[in-house]
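Report on the following structure.
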Amino acid sequence: MSWQSNRKRRLLADLAGTVLEIGAGRGANFGYLPSGVRWLGLEPHRRRRASLIAAASRHGRGAEVLAAPAEAIPLPDASCDAVVSTIVLCSVRDQDAALAEVRRVLRPGGRFVFLEHVAAPRGTWTRRLQRCWAPVSRRVDSGCDPARDTAAAIERSGFAWRELELFEQPFAFGLSVPFIAGRAFTAS
Ligand SMILES: C[S@@+](CC[C@H](N)C(=O)[O-])C[C@H]1O[C@@H](n2cnc3c(N)ncnc32)[C@H](O)[C@@H]1O
């Protein structure tokens, strides 16, 4: 998907130092991360973790994979230069708790990079469909809730400043899915 690739290239290419990727899945982002970073993955799903470790090794990354949810990151305060989340905040059980953990593990001036699908504006057909689909999706798609206002959650989570792009991806039947992509920084 070139729309994702272009944004990932832009968001991930200049990361440095220790980078924690939450909900890293099967390792879709390895190709976008600079080779010099120390990558740490966090993935609570056992089978995905096994695929992730294999993908990490194929990409020449150390297999530093944490078996934990983003709501309880087993790392010390201020231990990461950046945290990456792509299509994960739709699935975490508690967005506020996960974002508080992201902030806790970031060093002062650290960066949270995100690419997430989000709820469509109220009153739209897409929003209605998202709400109807959410109970199914939560069951069959790793807890994914398509009707979450993730931009608002990031907004209230206390980052010092942020830059955020809102865009739509064409889906089916003339509908499109809203996404956000951007970066949020802790105070330095
Ligand atoms: C749609 S997949 C995205 C995977 C990967 N980030 C990507 O872009 O391909 C969502 C991922 O979030 C993980 N996940 C679900 N609940 C989570 C939680 N509470 N904390 C961290 N990751 C979680 C799932 O196991 C899954 O790997």
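Following the order of the structure tokens, first chain is A, next is B, and so on, with residues numbered from 1 inside each chain and ligands from 1 in the order they appear.
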
Using only C-alpha atoms, what does the table of region 135-185 of chain A residues within 9 Å of region 3-14 of chain A look like, with each row giving the shortest atom pair and its distance in Å to one decimal, sorted by chain and ascending number, as a Markdown table?
| residue | atom | partner | partner_atom | distance |
| --- | --- | --- | --- | --- |
| A:Gln169 | CA | A:Trp3 | CA | 8.4 |
| A:Ala181 | CA | A:Arg7 | CA | 7.6 |
| A:Gly182 | CA | A:Leu11 | CA | 7.2 |
| A:Arg183 | CA | A:Leu11 | CA | 7.6 |

Dump as a short mmCIF file (atom, residue, chain, number, x, y, z; two decimals), in the first residue's frame, selection limited to N, CA, C and O atoms:
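Output below, filename selection-v1.cif:
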data_model
loop_
_atom_site.label_atom_id
_atom_site.label_comp_id
_atom_site.auth_asym_id
_atom_site.auth_seq_id
_atom_site.Cartn_x
_atom_site.Cartn_y
_atom_site.Cartn_z
N GLN A 169 -8.72 7.11 3.39
CA GLN A 169 -8.31 6.08 2.45
C GLN A 169 -9.54 5.44 1.84
O GLN A 169 -10.43 4.96 2.57
N ALA A 181 -2.04 10.41 11.02
CA ALA A 181 -0.61 10.09 11.05
C ALA A 181 0.10 11.30 11.62
O ALA A 181 -0.31 12.44 11.36
N GLY A 182 1.13 11.07 12.42
CA GLY A 182 1.84 12.22 12.94
C GLY A 182 2.84 11.87 14.01
O GLY A 182 3.22 10.72 14.19
N ARG A 183 3.26 12.93 14.72
CA ARG A 183 4.28 12.79 15.76
C ARG A 183 3.86 13.65 16.94
O ARG A 183 3.31 14.74 16.76
#

Requested in this report: Quick one: everything within 12 Å of Thr126 (chain A), counting only C-alpha atoms, minus sequence neighbours fewer than 2 positions away in the same chain. Send it as a PyMOL selection string.
Outcome: chain A and resi 118-124+128-134+146-147+168-178

Query raised in the report: Can you tell me, as an MDAnalysis selection string, what residues are no more than 10 Å from region 62-76 of chain A when counting only C-alpha atoms, ignoring any on the same chain fewer than 5 positions away?
Result: chainID A and resid 20:24 38:46 49:50 52:57 85 88:89 92:102 104:106

Query raised in the report: Would you give me, as a PyMOL selection string, the residues in region 74-144 of chain A that DSSP reads as strand (DSSP E)?
Result: chain A and resi 80-86+106-117

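Checking A:Arg127, A:Arg61, A:Arg107, A:Arg138 one by one against ligand 1, counting only C-alpha atoms and all ligand atoms, you find the shortest gap at A:Arg138.
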
Query raised in the report: Looking at only C-alpha atoms and all ligand atoms, which of A:Gly17, A:Pro108, A:Pro135, A:Gly143 is the one that sits closest to ligand 1?
Result: A:Gly143

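Counting from CA of Ile154 (chain A), the distance to CA of Gly31 (chain A) is 25.9 Å.
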
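Note that CA of Glu155 (chain A) and atom 23 (C, counted along the ligand's line) of ligand 1 are 20.3 Å apart.
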
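Near Arg111 (chain A), within 9 Å and counting only C-alpha atoms, sit Leu15, Cys80, Asp81, Ala82, Val83, Val84, Arg103, Leu106, Arg107, Pro108, Gly109, Val113, Arg183, Ala184, Phe185 and Thr186 of chain A, not including residues fewer than 2 positions from it in the same chain.
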
Query raised in the report: Out of region 43-130 of chain A, which residues get alpha helix (DSSP H) from DSSP, as a ChimeraX atom specification?
Result: /A:46-58,95-105,125-130

Restricted to N, CA, C and O atoms, what would the selected residues look like written as a short mmCIF file (atom, residue, chain, number, x, y, z; two decimals), in the first residue's frame?
data_model
loop_
_atom_site.label_atom_id
_atom_site.label_comp_id
_atom_site.auth_asym_id
_atom_site.auth_seq_id
_atom_site.Cartn_x
_atom_site.Cartn_y
_atom_site.Cartn_z
N ARG A 46 0.76 -14.14 21.42
CA ARG A 46 1.85 -15.13 21.42
C ARG A 46 2.27 -15.54 20.00
O ARG A 46 3.45 -15.54 19.66
N ARG A 47 1.30 -15.87 19.13
CA ARG A 47 1.67 -16.36 17.79
C ARG A 47 2.32 -15.24 16.96
O ARG A 47 3.26 -15.47 16.21
N ARG A 48 1.79 -14.02 17.10
CA ARG A 48 2.40 -12.90 16.35
C ARG A 48 3.82 -12.66 16.83
O ARG A 48 4.70 -12.27 16.06
N ARG A 49 4.02 -12.86 18.14
CA ARG A 49 5.36 -12.65 18.68
C ARG A 49 6.37 -13.58 18.02
O ARG A 49 7.48 -13.17 17.70
N ALA A 50 5.96 -14.81 17.80
CA ALA A 50 6.87 -15.78 17.16
C ALA A 50 7.22 -15.30 15.75
O ALA A 50 8.39 -15.30 15.34
N SER A 51 6.20 -14.84 14.99
CA SER A 51 6.47 -14.32 13.64
C SER A 51 7.36 -13.08 13.70
O SER A 51 8.23 -12.87 12.85
N LEU A 52 7.11 -12.27 14.72
CA LEU A 52 7.87 -11.02 14.86
C LEU A 52 9.36 -11.31 15.10
O LEU A 52 10.23 -10.67 14.50
N ILE A 53 9.61 -12.29 15.96
CA ILE A 53 11.01 -12.63 16.26
C ILE A 53 11.70 -13.14 14.99
O ILE A 53 12.83 -12.77 14.68
N ALA A 54 10.96 -13.95 14.20
CA ALA A 54 11.53 -14.46 12.95
C ALA A 54 11.80 -13.30 11.98
O ALA A 54 12.86 -13.23 11.35
N ALA A 55 10.84 -12.37 11.89
CA ALA A 55 11.02 -11.22 10.97
C ALA A 55 12.17 -10.34 11.43
O ALA A 55 12.96 -9.84 10.62
N ALA A 56 12.30 -10.17 12.74
CA ALA A 56 13.40 -9.35 13.29
C ALA A 56 14.73 -9.94 12.86
O ALA A 56 15.63 -9.23 12.41
N SER A 57 14.83 -11.25 12.95
CA SER A 57 16.10 -11.87 12.60
C SER A 57 16.36 -11.75 11.10
O SER A 57 17.48 -11.47 10.67
N ARG A 58 15.31 -11.89 10.27
CA ARG A 58 15.50 -11.72 8.80
C ARG A 58 16.00 -10.32 8.47
O ARG A 58 16.72 -10.11 7.51
N GLN A 95 -6.96 3.11 25.84
CA GLN A 95 -6.08 4.06 25.11
C GLN A 95 -5.37 5.02 26.07
O GLN A 95 -4.19 5.31 25.90
N ASP A 96 -6.10 5.53 27.06
CA ASP A 96 -5.48 6.52 27.96
C ASP A 96 -4.32 5.89 28.74
O ASP A 96 -3.26 6.50 28.90
N ALA A 97 -4.54 4.65 29.20
CA ALA A 97 -3.47 3.97 29.96
C ALA A 97 -2.28 3.69 29.05
O ALA A 97 -1.12 3.86 29.45
N ALA A 98 -2.55 3.26 27.81
CA ALA A 98 -1.46 2.96 26.88
C ALA A 98 -0.66 4.24 26.57
O ALA A 98 0.58 4.22 26.58
N LEU A 99 -1.36 5.33 26.34
CA LEU A 99 -0.66 6.58 26.01
C LEU A 99 0.11 7.12 27.21
O LEU A 99 1.19 7.70 27.06
N ALA A 100 -0.41 6.90 28.42
CA ALA A 100 0.33 7.32 29.62
C ALA A 100 1.62 6.51 29.73
O ALA A 100 2.69 7.05 30.09
N GLU A 101 1.56 5.23 29.37
CA GLU A 101 2.75 4.39 29.39
C GLU A 101 3.76 4.84 28.31
O GLU A 101 4.97 4.86 28.55
N VAL A 102 3.25 5.17 27.14
CA VAL A 102 4.13 5.67 26.07
C VAL A 102 4.88 6.90 26.57
O VAL A 102 6.11 7.01 26.43
N ARG A 103 4.16 7.82 27.18
CA ARG A 103 4.81 9.04 27.69
C ARG A 103 5.83 8.71 28.77
O ARG A 103 6.91 9.29 28.84
N ARG A 104 5.48 7.78 29.63
CA ARG A 104 6.37 7.43 30.75
C ARG A 104 7.72 6.90 30.25
O ARG A 104 8.76 7.25 30.79
N VAL A 105 7.68 6.04 29.21
CA VAL A 105 8.95 5.42 28.78
C VAL A 105 9.76 6.32 27.85
O VAL A 105 10.92 6.03 27.57
N TRP A 125 -22.23 8.19 7.25
CA TRP A 125 -22.52 6.77 7.06
C TRP A 125 -21.36 5.91 7.53
O TRP A 125 -21.54 4.84 8.10
N THR A 126 -20.17 6.39 7.27
CA THR A 126 -19.00 5.61 7.69
C THR A 126 -19.01 5.41 9.21
O THR A 126 -18.76 4.32 9.71
N ARG A 127 -19.33 6.47 9.93
CA ARG A 127 -19.36 6.38 11.40
C ARG A 127 -20.42 5.36 11.85
O ARG A 127 -20.18 4.54 12.74
N ARG A 128 -21.59 5.40 11.20
CA ARG A 128 -22.65 4.43 11.57
C ARG A 128 -22.17 3.01 11.32
O ARG A 128 -22.34 2.13 12.15
N LEU A 129 -21.56 2.81 10.15
CA LEU A 129 -21.07 1.46 9.83
C LEU A 129 -19.96 1.04 10.80
O LEU A 129 -19.91 -0.11 11.23
N GLN A 130 -19.10 1.98 11.15
CA GLN A 130 -18.03 1.65 12.09
C GLN A 130 -18.62 1.18 13.42
O GLN A 130 -18.16 0.22 14.02
#

Report task. Name the closest residue to Asp145 (chain A) among the candidates A:Ala78, A:Ala28, A:Ile87, A:Ile180; distances are taken between atoms, counting only C-alpha atoms. Result -> A:Ile87

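Nearest to ligand 1 of all the residues A:Ser2, A:Ser91, A:Ser79, A:Thr18 is A:Ser91, based on only C-alpha atoms and all ligand atoms.
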
Requested in this report: Would you mind reading off the distance between CA of Ser142 (chain A) and CA of Gly25 (chain A), one decimal, in Å?
Outcome: 10.3 Å
